[in-house]
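Only one structure is covered here, and it is reproduced in the block below.
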Amino acid sequence: MKVAGSYTLPVGQERAYELLLDPAVLAKCMPGCESLDKTGENVYAMRMKMLLGSMSGLFDGKVTITGVNPPSSYKLTVEGKGKIGFMKGEGVLTLTADPAEGKTAVQYDGDVQVGGTIAAVGQRLIDTTSKMLVKRFFEKLSKEAEASGTSAPDSVPR
Amino acid sequence: MIPHEFEYASPATLQEALQLIADGSGKILAGGMSLIPMMKLRLASPGSIVDLRRVPGLHHIGESAGVVHIGAMATHHEIEISPVTRSRCPLLAEAAASIGDIQVRNMGTIGGSIAHADPAADYPAALLALEVQIRLASAASDRTVAAADFFQDAFTTAIEPGEIVVELLVPAEAGSEGYKYEKVAHPASGFAVVGVAARVQTANGKISMARIGVTGMGPRAFRDLPAQKLLEGGADVAAAAAVVGEGQETNSDLYASGDYRRHLARVHAARALAAAVSRAS
């Protein structure tokens with residue numbers, strides 16, 4: 001299932017790229033992420049508790065970062081397996097500095113594959129859920145960016 | 001599969017139920033038509049369940065001072081056949097009649113359904129068109145939320161931890177209103193691929209009031225304010241139906257793509273409005 005869209009972060013491009021690659025930030029912003037531990041170069045073991053309404057599921061998986069091309073783009077792969085099914089999401093994130101000062105447009109283009117029980121009974125919700133999770137991720141990332149924005153090198157000192 | 005182990009409580013009063021969930025724990029069980037299947041699939045594994053079946057004061061359907069009060073535990077079937085709903089808010093009865101199947105309608109409740117907030121549920125479209133208020137109670141509070149503010153996102157509502165839906169307040173209609181709930185039912189599940197609830201009032205052959213609620217098309221049901229405005233401004237049904245869903249988010253699945261859902265919403269909005277107009281007096 002294709003998932004694509006864009007989100008504007010309230011910080012400059014360099015800072016936005018920095019945040020998007022920071023595992024501590026990713027762990028904080030990825031919905032339900034309980035832990036993200038480095039297991040190799042740009043590879044992280046992940047524990048995620050997905051919550052959607054009354055539904056919940058624990059996933060164990062892997063986050064891989066490839067195609068690192070600062071400060072423009074990289075590819076993020078998130079794989080998870082749990083009792084209720086498995087999922088694999090791959091997406092390319094492309095950053096462009098917004099004409100409005102101090103903002104960055106993040107374009108994401110990806111694919112989500114789901115299998116197991118959640119796919120069998122929840123197929124109709126995969127699109128909705130993916131979009132919701134991506135939205136939650138960027139909303140949290142926006143807050144994180146704002147919170148740490150004053151320490152960024154390309155922000156206006158006050 | 002059988003569900004994971006869980007604690008089960010069946011309180012005898014509303015206060016007891018509210019106390020049990022006051023700390024934010026405990027999943028409410030109403031009709032169980034959404035929760036139990038999920039628990040059996042282990043998609044949902046709440047540690048404790050609070051069953052509302054014995055709580056009095058949640059099953060009523062009655063009118064007072066121009067408002068139809070519907071208890072959260074009223075079943076879809078009760079709402080479908082009640083002479084009160086059929087005469088005072090028939091749009092709601094029509095939506096209730098279209099839900100799932102007979103077995104689901106006998107057990108499923110309006111409170112449970114709206115708390116679950118499935119994007120493909122039928123009630124939200126009607127509740128938005130009827131401008132319903134939803135009463136939420138907790139151990140420490142009692143408040144009402146407009147339907148337009150209640151449905152926030154897929155499976156996400158304005159219900160705060162510790163709160164229960166206790167009642168729905170539906171403005172009783174004048175009797176001269178026209179209404180229609182048009183639904184495209186998924187052939188297997190019966191869920192609304194798209195559902196449009198329309199309510200109109202006419203005066204001298206023109207539409208003086210229009211309310212349109214759309215469900216199934218996106219992550220949550222929405223009021224189509226632009227189409228309503230067009231109709232109230234004198235535009236004809238075709239012109240208003242053509243803009244339904246413009247700019248709104250859509251869901252997509254194997255059965256129907258987002259664009260197709262928007263197209264269905266427009267086609268069925270036109271049908272619902274036409275039927276509502278012909279029913280108006």
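Following the order of the structure tokens, chains are lettered A, B, ..., residues in each are numbered from 1, and ligands are numbered from 1.
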Select from chain A every residue with an atom at most 10 Å from any atom of chain B, then for each give the shortest pair of atoms and their distance in Å to one decimal, using only C-alpha atoms, rows by chain and rising number, as CSV.
residue,atom,partner,partner_atom,distance
A:Met1,CA,B:Asp253,CA,8.8
A:Leu51,CA,B:Ala44,CA,9.3
A:Leu52,CA,B:Phe155,CA,6.7
A:Gly53,CA,B:Phe155,CA,4.8
A:Ser54,CA,B:Ala44,CA,5.8
A:Met55,CA,B:Ala44,CA,4.3
A:Ser56,CA,B:Ala44,CA,5.5
A:Gly57,CA,B:Leu43,CA,6.7
A:Lys83,CA,B:Arg42,CA,8.4
A:Ile84,CA,B:Leu43,CA,6.3
A:Gly85,CA,B:Leu43,CA,9.6
A:Thr117,CA,B:Leu41,CA,7.6
A:Ile118,CA,B:Leu43,CA,7.6
A:Val121,CA,B:Leu41,CA,9.0
A:Gly122,CA,B:Leu43,CA,9.8
A:Gln123,CA,B:Asp253,CA,6.7
A:Arg124,CA,B:Asp253,CA,5.0
A:Leu125,CA,B:Asp253,CA,7.3
A:Ile126,CA,B:Asp253,CA,7.5
A:Asp127,CA,B:Ser252,CA,5.8
A:Thr128,CA,B:Asn251,CA,5.7
A:Thr129,CA,B:Ala154,CA,7.9
A:Lys131,CA,B:Asn251,CA,9.3
A:Met132,CA,B:Ala154,CA,8.2
Pick out the closest residue to Ala276 of chain B from this set: B:Ala210, B:Val243, B:Leu225, B:Val165. Count only C-alpha atoms.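 Closest to Ala276 of chain B, using only C-alpha atoms: B:Ala210.
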Just list as an MDAnalysis selection string whatever in segment 26-154 of chain A DSSP marks as alpha helix (DSSP H). chainID A and resid 26:29 117:122 126:148
Give me the residues within 10 Å of Ala203 of chain B as a PyMOL selection string, counting only C-alpha atoms and dropping any in the same chain fewer than 6 places off. chain B and resi 176+209+280-281
Written file, previous selection with N, CA and C atoms, as an mmCIF file, in the first residue's frame:
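Dumped to again_20.cif:
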data_model
loop_
_atom_site.group_PDB
_atom_site.id
_atom_site.type_symbol
_atom_site.label_atom_id
_atom_site.label_comp_id
_atom_site.auth_asym_id
_atom_site.auth_seq_id
_atom_site.Cartn_x
_atom_site.Cartn_y
_atom_site.Cartn_z
ATOM 1 N N SER B 176 -41.960 18.432 9.639
ATOM 2 C CA SER B 176 -42.044 18.874 8.255
ATOM 3 C C SER B 176 -40.705 18.651 7.541
ATOM 4 N N MET B 209 -33.235 24.787 4.935
ATOM 5 C CA MET B 209 -32.249 24.248 5.891
ATOM 6 C C MET B 209 -31.739 22.925 5.329
ATOM 7 N N ALA B 280 -39.966 16.018 2.463
ATOM 8 C CA ALA B 280 -40.245 17.227 3.248
ATOM 9 C C ALA B 280 -41.633 17.748 2.905
ATOM 10 N N SER B 281 -42.225 18.435 3.874
ATOM 11 C CA SER B 281 -43.555 18.972 3.601
ATOM 12 C C SER B 281 -43.656 20.449 3.965
#
